[in-house]
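Next comes run11.cif, a file with mmCIF, C-alpha atoms.
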```cif
data_upload
#
loop_
_atom_site.label_atom_id
_atom_site.label_comp_id
_atom_site.auth_asym_id
_atom_site.auth_seq_id
_atom_site.Cartn_x
_atom_site.Cartn_y
_atom_site.Cartn_z
CA MET Z 1 -63.29 115.07 244.73
CA THR Z 2 -65.11 118.33 243.92
CA ASP Z 3 -64.46 119.61 247.43
CA VAL Z 4 -60.74 119.04 246.98
CA LEU Z 5 -60.81 120.94 243.68
CA VAL Z 6 -62.75 123.81 245.28
CA LEU Z 7 -60.28 123.92 248.16
CA ILE Z 8 -57.27 123.94 245.83
CA SER Z 9 -58.69 126.71 243.67
CA LEU Z 10 -59.67 128.76 246.74
CA LEU Z 11 -56.09 128.44 248.02
CA LEU Z 12 -54.73 129.44 244.59
CA VAL Z 13 -57.00 132.52 244.58
CA ALA Z 14 -55.92 133.48 248.11
CA GLY Z 15 -52.24 132.98 247.20
CA SER Z 16 -52.33 135.00 243.97
CA ALA Z 17 -54.48 137.74 245.55
CA THR Z 18 -51.87 138.11 248.31
CA ALA Z 19 -49.15 138.19 245.65
CA VAL Z 20 -50.96 141.06 243.85
CA VAL Z 21 -50.92 143.11 247.05
CA ALA Z 22 -47.32 142.16 247.87
CA VAL Z 23 -45.91 143.18 244.47
CA ARG Z 24 -45.22 146.93 244.55
CA ASP Z 25 -44.26 147.73 240.96
CA PRO Z 26 -47.48 148.59 239.05
CA ALA Z 27 -46.31 147.03 235.76
CA ARG Z 28 -45.55 143.70 237.44
CA GLN Z 29 -48.70 144.03 239.52
CA ALA Z 30 -50.73 144.09 236.30
CA LEU Z 31 -49.22 140.75 235.27
CA VAL Z 32 -49.83 139.18 238.69
CA LEU Z 33 -53.39 140.54 238.48
CA ALA Z 34 -53.78 138.60 235.22
CA VAL Z 35 -52.69 135.44 237.08
CA LEU Z 36 -55.26 136.20 239.78
CA GLY Z 37 -57.84 136.49 237.00
CA LEU Z 38 -56.83 133.04 235.75
CA THR Z 39 -57.11 131.44 239.20
CA LEU Z 40 -60.54 133.07 239.68
CA THR Z 41 -61.53 131.62 236.29
CA VAL Z 42 -60.51 128.16 237.54
CA LEU Z 43 -62.50 128.69 240.75
CA PHE Z 44 -65.65 129.77 238.89
CA THR Z 45 -65.32 126.81 236.50
CA VAL Z 46 -64.96 124.38 239.42
CA LEU Z 47 -68.03 125.97 241.03
CA GLN Z 48 -69.94 125.30 237.76
CA ALA Z 49 -70.37 128.94 236.74
CA PRO Z 50 -68.89 128.89 233.21
CA ASP Z 51 -70.60 132.16 232.19
CA VAL Z 52 -68.96 134.05 235.04
CA ALA Z 53 -65.67 132.25 234.36
CA LEU Z 54 -65.71 133.48 230.75
CA SER Z 55 -66.36 137.07 231.83
CA GLN Z 56 -63.58 136.81 234.40
CA LEU Z 57 -61.18 135.40 231.82
CA ALA Z 58 -61.89 138.14 229.28
CA VAL Z 59 -62.04 141.10 231.64
CA GLY Z 60 -59.96 140.08 234.67
CA SER Z 61 -56.98 138.50 232.94
CA ALA Z 62 -56.90 140.41 229.64
CA LEU Z 63 -58.65 143.76 229.68
CA THR Z 64 -57.89 145.12 233.17
CA PRO Z 65 -54.13 144.29 233.11
CA LEU Z 66 -53.94 145.84 229.61
CA LEU Z 67 -55.58 149.07 230.80
CA ILE Z 68 -53.22 149.20 233.80
CA LEU Z 69 -50.16 148.60 231.60
CA LEU Z 70 -51.24 151.36 229.20
CA SER Z 71 -51.79 153.77 232.11
CA VAL Z 72 -48.35 152.91 233.54
CA ARG Z 73 -46.77 153.49 230.15
CA LYS Z 74 -48.49 156.87 229.81
CA VAL Z 75 -47.38 158.00 233.28
CA ARG Z 76 -43.79 156.83 232.81
CA ARG Z 77 -43.35 158.14 229.29
CA PRO Z 78 -40.07 160.02 228.83
CA GLY Z 79 -39.94 163.67 227.80
CA ARG Z 80 -43.04 164.55 229.70
CA CYS Z 81 -43.43 166.74 232.76
CA GLU Z 82 -44.49 165.23 236.07
CA GLY Z 83 -48.02 165.33 237.45
CA GLY Z 84 -50.01 163.18 235.06
CA ASP Z 85 -53.51 164.04 233.90
CA ARG Z 86 -55.05 160.92 235.31
CA MET E 1 -61.56 163.47 265.33
CA SER E 2 -58.76 162.06 267.42
CA ARG E 3 -56.94 158.89 266.48
CA ARG E 4 -58.29 157.16 269.59
CA LEU E 5 -61.90 157.95 268.73
CA ARG E 6 -61.45 156.77 265.17
CA LEU E 7 -59.98 153.46 266.40
CA TRP E 8 -62.98 153.03 268.71
CA ILE E 9 -65.42 153.64 265.89
CA LEU E 10 -63.52 151.18 263.71
CA THR E 11 -63.57 148.55 266.47
CA VAL E 12 -67.29 148.95 267.13
CA GLY E 13 -68.09 148.89 263.42
CA GLY E 14 -65.86 145.87 262.80
CA LEU E 15 -67.31 143.93 265.73
CA GLY E 16 -70.87 144.76 264.67
CA PHE E 17 -70.17 143.64 261.13
CA ALA E 18 -68.48 140.43 262.32
CA LEU E 19 -71.47 139.55 264.56
CA LEU E 20 -74.13 140.27 261.93
CA PHE E 21 -72.12 138.55 259.16
CA THR E 22 -71.60 135.41 261.28
CA ALA E 23 -75.29 135.34 262.21
CA ALA E 24 -76.25 135.68 258.54
CA CYS E 25 -73.82 132.97 257.43
CA LEU E 26 -75.11 130.52 260.04
CA ARG E 27 -78.59 130.72 258.49
CA LEU E 28 -77.33 130.11 254.94
CA PRO E 29 -78.07 126.78 253.23
CA ASP E 30 -75.13 124.33 253.24
CA PHE E 31 -72.39 124.78 250.64
CA GLY E 32 -73.19 122.78 247.49
CA GLY E 33 -76.52 121.49 248.79
CA ASN E 34 -79.31 120.09 246.65
CA SER E 35 -82.00 122.66 247.42
CA HIS E 36 -82.00 125.55 244.92
CA PRO E 37 -85.52 127.05 244.93
CA TYR E 38 -84.55 130.06 242.82
CA GLY E 39 -82.52 127.95 240.39
CA ASP E 40 -85.35 125.45 239.87
CA ARG E 41 -87.79 128.25 239.02
CA ALA E 42 -85.28 129.95 236.71
CA VAL E 43 -84.67 126.68 234.84
CA GLY E 44 -88.43 126.16 234.49
CA ALA E 45 -88.94 129.68 233.13
CA ALA E 46 -85.99 129.31 230.72
CA LEU E 47 -87.29 125.99 229.35
CA ALA E 48 -90.78 127.50 228.92
CA HIS E 49 -89.23 130.06 226.54
CA HIS E 50 -87.04 127.41 224.77
CA THR E 51 -83.75 128.95 225.95
CA ALA E 52 -81.04 126.34 226.51
CA ASN E 53 -78.61 128.55 228.45
CA VAL E 54 -80.47 129.39 231.65
CA VAL E 55 -78.01 132.16 232.55
CA SER E 56 -78.81 133.92 229.27
CA ALA E 57 -82.52 133.41 229.94
CA VAL E 58 -82.07 135.14 233.30
CA ASN E 59 -79.99 137.94 231.77
CA PHE E 60 -82.03 138.67 228.65
CA ASP E 61 -85.52 137.42 229.52
CA GLN E 62 -86.37 137.13 233.21
CA ARG E 63 -84.11 140.01 234.27
CA ALA E 64 -83.69 141.83 230.94
CA PHE E 65 -84.27 145.17 232.68
CA ASP E 66 -81.23 144.60 234.94
CA THR E 67 -79.11 143.94 231.86
CA LEU E 68 -80.31 147.22 230.35
CA GLY E 69 -78.97 148.91 233.48
CA GLU E 70 -75.63 147.10 233.23
CA GLU E 71 -75.31 147.88 229.54
CA THR E 72 -76.01 151.54 230.27
CA ILE E 73 -73.37 151.58 233.03
CA LEU E 74 -70.75 150.39 230.52
CA PHE E 75 -72.01 152.90 227.93
CA ALA E 76 -71.79 155.79 230.40
CA ALA E 77 -68.40 154.68 231.73
CA VAL E 78 -66.89 154.53 228.24
CA LEU E 79 -68.46 157.89 227.38
CA GLY E 80 -66.84 159.38 230.48
CA THR E 81 -63.47 157.84 229.57
CA VAL E 82 -63.66 159.25 226.04
CA VAL E 83 -64.29 162.73 227.46
CA LEU E 84 -61.49 162.42 230.04
CA LEU E 85 -58.89 161.03 227.62
CA ARG E 86 -59.57 163.42 224.73
CA GLN E 87 -56.70 165.39 223.28
CA THR E 88 -56.60 168.74 225.11
CA PRO E 89 -55.22 171.97 223.54
CA ASP E 90 -51.89 171.64 225.42
CA GLU E 91 -51.30 168.15 224.03
CA ARG E 92 -50.03 167.23 220.60
CA GLN E 93 -50.12 164.07 218.55
CA VAL E 94 -46.85 162.43 217.59
CA ARG E 95 -46.44 159.64 215.09
CA PRO E 96 -45.22 156.54 216.95
CA THR E 97 -42.14 155.05 215.31
CA PRO E 98 -42.77 151.49 214.12
CA ALA E 99 -41.05 149.02 216.45
CA GLN E 100 -39.08 145.95 215.39
CA ILE E 101 -41.19 142.87 216.08
CA SER E 102 -39.56 139.47 216.20
CA VAL E 103 -40.87 137.07 213.59
CA PRO E 104 -42.34 134.43 215.97
CA ILE E 105 -44.37 137.08 217.82
CA ARG E 106 -45.63 138.56 214.56
CA ARG E 107 -46.55 135.12 213.24
CA TYR E 108 -48.29 134.15 216.48
CA ALA E 109 -50.28 137.39 216.73
CA LEU E 110 -51.37 137.35 213.10
CA THR E 111 -52.40 133.67 213.31
CA MET E 112 -54.29 134.14 216.55
CA LEU E 113 -56.12 137.28 215.40
CA PRO E 114 -58.71 135.59 213.12
CA VAL E 115 -59.01 132.62 215.49
CA THR E 116 -59.71 134.86 218.50
CA LEU E 117 -62.11 137.02 216.51
CA LEU E 118 -63.99 133.91 215.39
CA VAL E 119 -64.13 132.58 218.97
CA GLY E 120 -65.53 135.92 220.15
CA LEU E 121 -68.22 135.99 217.47
CA TYR E 122 -69.04 132.31 218.16
CA VAL E 123 -69.50 133.05 221.85
CA VAL E 124 -71.80 136.00 221.04
CA VAL E 125 -73.93 134.07 218.54
CA HIS E 126 -74.29 130.99 220.78
CA GLY E 127 -75.15 133.01 223.89
CA GLN E 128 -78.63 131.49 224.15
CA LEU E 129 -77.29 127.92 223.77
CA SER E 130 -73.97 127.55 225.59
CA PRO E 131 -72.04 129.44 228.29
CA GLY E 132 -71.11 132.94 227.25
CA GLY E 133 -73.06 135.61 225.47
CA GLY E 134 -72.90 139.16 224.25
CA PHE E 135 -70.71 140.50 227.03
CA GLN E 136 -68.06 137.77 227.07
CA GLY E 137 -67.93 137.35 223.29
CA GLY E 138 -67.89 141.10 222.76
CA VAL E 139 -64.84 141.55 224.99
CA VAL E 140 -63.02 138.65 223.26
CA ALA E 141 -63.77 139.98 219.76
CA ALA E 142 -62.66 143.49 220.72
CA THR E 143 -59.39 142.34 222.29
CA ALA E 144 -58.76 140.13 219.23
CA LEU E 145 -58.44 143.23 217.02
CA HIS E 146 -55.68 144.53 219.27
CA LEU E 147 -53.48 141.53 218.43
CA LEU E 148 -52.72 143.58 215.31
CA TYR E 149 -50.97 146.13 217.57
CA ILE E 150 -48.79 143.32 218.93
CA GLY E 151 -48.21 141.67 215.56
CA ALA E 152 -47.76 144.78 213.41
CA ASP E 153 -47.82 148.35 214.74
CA TYR E 154 -50.17 151.04 215.96
CA ARG E 155 -50.78 152.51 212.53
CA ALA E 156 -51.97 149.14 211.21
CA LEU E 157 -54.39 148.88 214.13
CA GLU E 158 -55.66 152.41 213.50
CA ARG E 159 -56.37 151.52 209.89
CA ILE E 160 -58.78 148.69 210.77
CA ARG E 161 -60.23 150.61 213.69
CA PRO E 162 -61.98 153.84 212.69
CA VAL E 163 -62.97 154.94 216.20
CA GLY E 164 -65.89 157.04 214.93
CA LEU E 165 -67.61 153.97 213.47
CA TYR E 166 -67.17 152.02 216.70
CA GLU E 167 -68.61 154.93 218.68
CA VAL E 168 -71.68 154.78 216.44
CA GLY E 169 -71.82 150.99 216.91
CA ASP E 170 -71.67 151.45 220.68
CA ALA E 171 -74.65 153.82 220.59
CA VAL E 172 -76.57 151.63 218.12
CA GLY E 173 -76.15 148.55 220.35
CA GLU E 174 -77.48 150.49 223.31
CA GLY E 175 -80.32 151.94 221.23
CA VAL E 176 -81.38 148.60 219.73
CA TYR E 177 -81.78 147.15 223.23
CA LEU E 178 -84.11 150.02 224.16
CA VAL E 179 -86.05 149.73 220.88
CA LEU E 180 -86.56 145.97 221.43
CA GLY E 181 -87.77 146.75 224.95
CA ILE E 182 -90.27 149.30 223.62
CA ALA E 183 -91.36 146.79 220.95
CA GLY E 184 -92.14 144.38 223.77
CA LEU E 185 -94.16 147.13 225.45
CA LEU E 186 -96.16 148.07 222.35
CA GLY E 187 -96.67 144.67 220.73
CA GLY E 188 -96.62 142.44 223.79
CA SER E 189 -97.38 143.01 227.42
CA ALA E 190 -94.60 144.93 229.13
CA PHE E 191 -91.26 146.68 228.59
CA LEU E 192 -88.70 144.03 227.47
CA ALA E 193 -91.35 141.30 227.71
CA ASN E 194 -90.34 138.24 225.68
CA THR E 195 -93.74 137.60 224.13
CA LEU E 196 -93.59 139.17 220.69
CA ILE E 197 -91.85 136.61 218.47
CA PRO E 198 -92.10 132.79 218.45
CA TYR E 199 -89.74 130.89 220.76
CA GLY E 200 -88.49 128.56 218.00
CA THR E 201 -87.12 125.04 218.39
CA PHE E 202 -85.26 124.33 221.63
CA ASN E 203 -81.44 124.29 221.32
CA THR E 204 -81.24 125.89 217.88
CA LEU E 205 -79.69 129.26 217.00
CA ALA E 206 -83.08 130.92 216.46
CA SER E 207 -84.57 129.83 219.79
CA GLY E 208 -85.52 131.88 222.81
CA GLY E 209 -87.59 134.67 221.25
CA PHE E 210 -85.98 138.01 222.12
CA VAL E 211 -82.99 136.41 223.88
CA PRO E 212 -80.68 136.11 220.82
CA LEU E 213 -81.64 139.61 219.62
CA LEU E 214 -80.98 141.32 222.96
CA ASN E 215 -77.83 139.20 223.28
CA ALA E 216 -76.60 140.40 219.87
CA ALA E 217 -77.35 144.02 220.79
CA VAL E 218 -75.29 143.66 223.97
CA GLY E 219 -72.52 141.92 222.00
CA MET E 220 -72.31 144.80 219.56
CA GLU E 221 -72.41 147.40 222.33
CA VAL E 222 -69.72 145.69 224.41
CA ALA E 223 -67.37 144.97 221.48
CA CYS E 224 -67.58 148.58 220.25
CA ALA E 225 -67.34 149.98 223.79
CA VAL E 226 -64.16 148.01 224.54
CA VAL E 227 -62.58 149.08 221.22
CA VAL E 228 -63.40 152.74 221.95
CA LEU E 229 -62.15 152.41 225.55
CA LEU E 230 -58.86 150.83 224.49
CA ALA E 231 -58.50 153.41 221.69
CA GLY E 232 -58.68 156.20 224.28
CA PHE E 233 -56.03 154.55 226.45
CA LEU E 234 -53.80 153.56 223.50
CA ASP E 235 -53.92 157.07 221.99
CA GLN E 236 -52.83 158.54 225.30
CA ALA E 237 -50.13 155.91 225.86
CA VAL E 238 -48.71 155.84 222.34
CA GLU E 239 -49.57 158.99 220.40
CA ILE E 240 -50.49 161.97 222.57
CA GLU E 241 -47.80 163.98 224.28
CA LYS E 242 -47.84 167.08 226.44
CA GLU E 243 -46.73 170.14 224.50
CA ALA E 244 -43.13 170.95 225.38
CA GLY E 245 -42.73 173.88 227.74
CA THR E 246 -46.21 173.83 229.21
#
```

Show me this structure written as structure tokens.
Amino acid sequence: MTDVLVLISLLLVAGSATAVVAVRDPARQALVLAVLGLTLTVLFTVLQAPDVALSQLAVGSALTPLLILLSVRKVRRPGRCEGGDR
Amino acid sequence: MSRRLRLWILTVGGLGFALLFTAACLRLPDFGGNSHPYGDRAVGAALAHHTANVVSAVNFDQRAFDTLGEETILFAAVLGTVVLLRQTPDERQVRPTPAQISVPIRRYALTMLPVTLLVGLYVVVHGQLSPGGGFQGGVVAATALHLLYIGADYRALERIRPVGLYEVGDAVGEGVYLVLGIAGLLGGSAFLANTLIPYGTFNTLASGGFVPLLNAAVGMEVACAVVVLLAGFLDQAVEIEKEAGT
């Protein structure tokens, strides 16, 4: 039973990780990255590592996508010359 | 270097890595086996110091020095971000116009804010008892504040988030960890040694000696660091603009 769960979550992680690479628009990529964070959270929970799962949930599916979205917004902001400072 | 030579180097390196990695994996214990020599010893050491969450015992007791390093990495990274994202002379600050927020989103964000904040603080305080701890709870509590940006607007968030105070909190969290470590050195046996205060009753909030204190210091540092980090990004994304004509 556990092995099946581990296998399913590994497949989910592999699928969403591939999706992150396949999506080319950075804003959408941030959202898919959040989904990858969720699937990694499931994997860590199934592997009985709840502490790591919590970190992954907070950082991987909330904080990192937020920082990416804010960076994208800054770069794309109208009325601003090209060649960002980042 | 020609393209051919680079391909050769890549092939040799890749093959070497594949061989060594396969050899190393073949000697690993089976996946999900019953023999965990390191885990058994860590559990024993955690129980000896009355810490229910063994992961926290590893982080803040057995390997407290590693956590000091990790905490300092975050501190230095946020410091670097603050310097990089500061407002430069050729940039100016513009007041963001308040956006229209639909009522369900506003209601959801403002309901979830106190709940999320409470969950974050709960996770920090119960770090020595249940999964989680200063780092996880700190990130949750810090992101909870930013629901105000979603539910109201940026000015409302700025009002409850004086960045200067959070910068001080970040430094204080880092400093308290060091001070506790030195206290262990002076009053106990070694730097960050968990021998100074009584271990308390197993599975209560005040158990584990230094573990809850170090955990709280990390929680404060991480929460403040994330707020300061997001403030730098938000200011750049929402408020700061390049001066026209530069």

Expansion of the PyMOL selection byres ((chain E) within 7 of (chain Z)) into residues, as a ChimeraX atom specification: /E:131-132,136,139-140,233-234,236-237,242

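Going from CA of Thr201 in chain E to CA of Asn59 in chain E covers 19.9 Å.
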
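Here CA of Thr45 in chain Z is placed at a distance of 22.1 Å from CA of Gly219 in chain E.
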
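Once all atoms listed in the file are considered, the residues situated within 10 Å of the file point (-92.5, 140.5, 218.1) turn out to be Leu180, Ala183, Gly184, Leu186, Gly187, Gly188, Ala193, Asn194, Thr195, Leu196, Ile197, Pro198, Gly209 and Phe210 of chain E.
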
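CA of Leu43 in chain Z lies 27.3 Å from CA of Leu147 in chain E.
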
Residue contacts of Arg86 in chain E (12 Å, all atoms listed in the file) excluding same-chain residues fewer than 5 positions away, as number ranges by chain: Z: 85-86; E: 79-81, 91-93, 228-229, 231-236, 239-241

The PyMOL selection byres ((chain Z and resi 35) around 9) resolved against shown file, as a PyMOL selection string: chain Z and resi 16-17+20+30-34+36-40+60-61

Close residues, range 61-68 of chain E itself excluded, 9 Å, only C-alpha atoms, min 4 positions apart in chain, as a PyMOL selection string: chain E and resi 42+45-46+49+56-57+72-73+174+177-178+181+191-194+208-211+214+218

Deliver the residues from the most recent selection as a file, using C-alpha atoms, as a PDB file, in the frame of the given file.
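Resulting contents of part12.pdb:
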```
ATOM      1  CA  ALA E  42     -85.280 129.950 236.710  1.00  0.00           C
ATOM      2  CA  ALA E  45     -88.940 129.680 233.130  1.00  0.00           C
ATOM      3  CA  ALA E  46     -85.990 129.310 230.720  1.00  0.00           C
ATOM      4  CA  HIS E  49     -89.230 130.060 226.540  1.00  0.00           C
ATOM      5  CA  SER E  56     -78.810 133.920 229.270  1.00  0.00           C
ATOM      6  CA  ALA E  57     -82.520 133.410 229.940  1.00  0.00           C
ATOM      7  CA  THR E  72     -76.010 151.540 230.270  1.00  0.00           C
ATOM      8  CA  ILE E  73     -73.370 151.580 233.030  1.00  0.00           C
ATOM      9  CA  GLU E 174     -77.480 150.490 223.310  1.00  0.00           C
ATOM     10  CA  TYR E 177     -81.780 147.150 223.230  1.00  0.00           C
ATOM     11  CA  LEU E 178     -84.110 150.020 224.160  1.00  0.00           C
ATOM     12  CA  GLY E 181     -87.770 146.750 224.950  1.00  0.00           C
ATOM     13  CA  PHE E 191     -91.260 146.680 228.590  1.00  0.00           C
ATOM     14  CA  LEU E 192     -88.700 144.030 227.470  1.00  0.00           C
ATOM     15  CA  ALA E 193     -91.350 141.300 227.710  1.00  0.00           C
ATOM     16  CA  ASN E 194     -90.340 138.240 225.680  1.00  0.00           C
ATOM     17  CA  GLY E 208     -85.520 131.880 222.810  1.00  0.00           C
ATOM     18  CA  GLY E 209     -87.590 134.670 221.250  1.00  0.00           C
ATOM     19  CA  PHE E 210     -85.980 138.010 222.120  1.00  0.00           C
ATOM     20  CA  VAL E 211     -82.990 136.410 223.880  1.00  0.00           C
ATOM     21  CA  LEU E 214     -80.980 141.320 222.960  1.00  0.00           C
ATOM     22  CA  VAL E 218     -75.290 143.660 223.970  1.00  0.00           C
TER      23      VAL E 218
END
```

Evaluate the PyMOL selection byres ((chain E and resi 50) around 6) and report residues as a PyMOL selection string: chain E and resi 47-49+51+199+202+208

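Distance annotation: of E:Leu165, E:Ile9, E:Ala152, E:Ala216, the residue with the minimal separation from Ile101 in chain E is E:Ala152; atom set is only C-alpha atoms.
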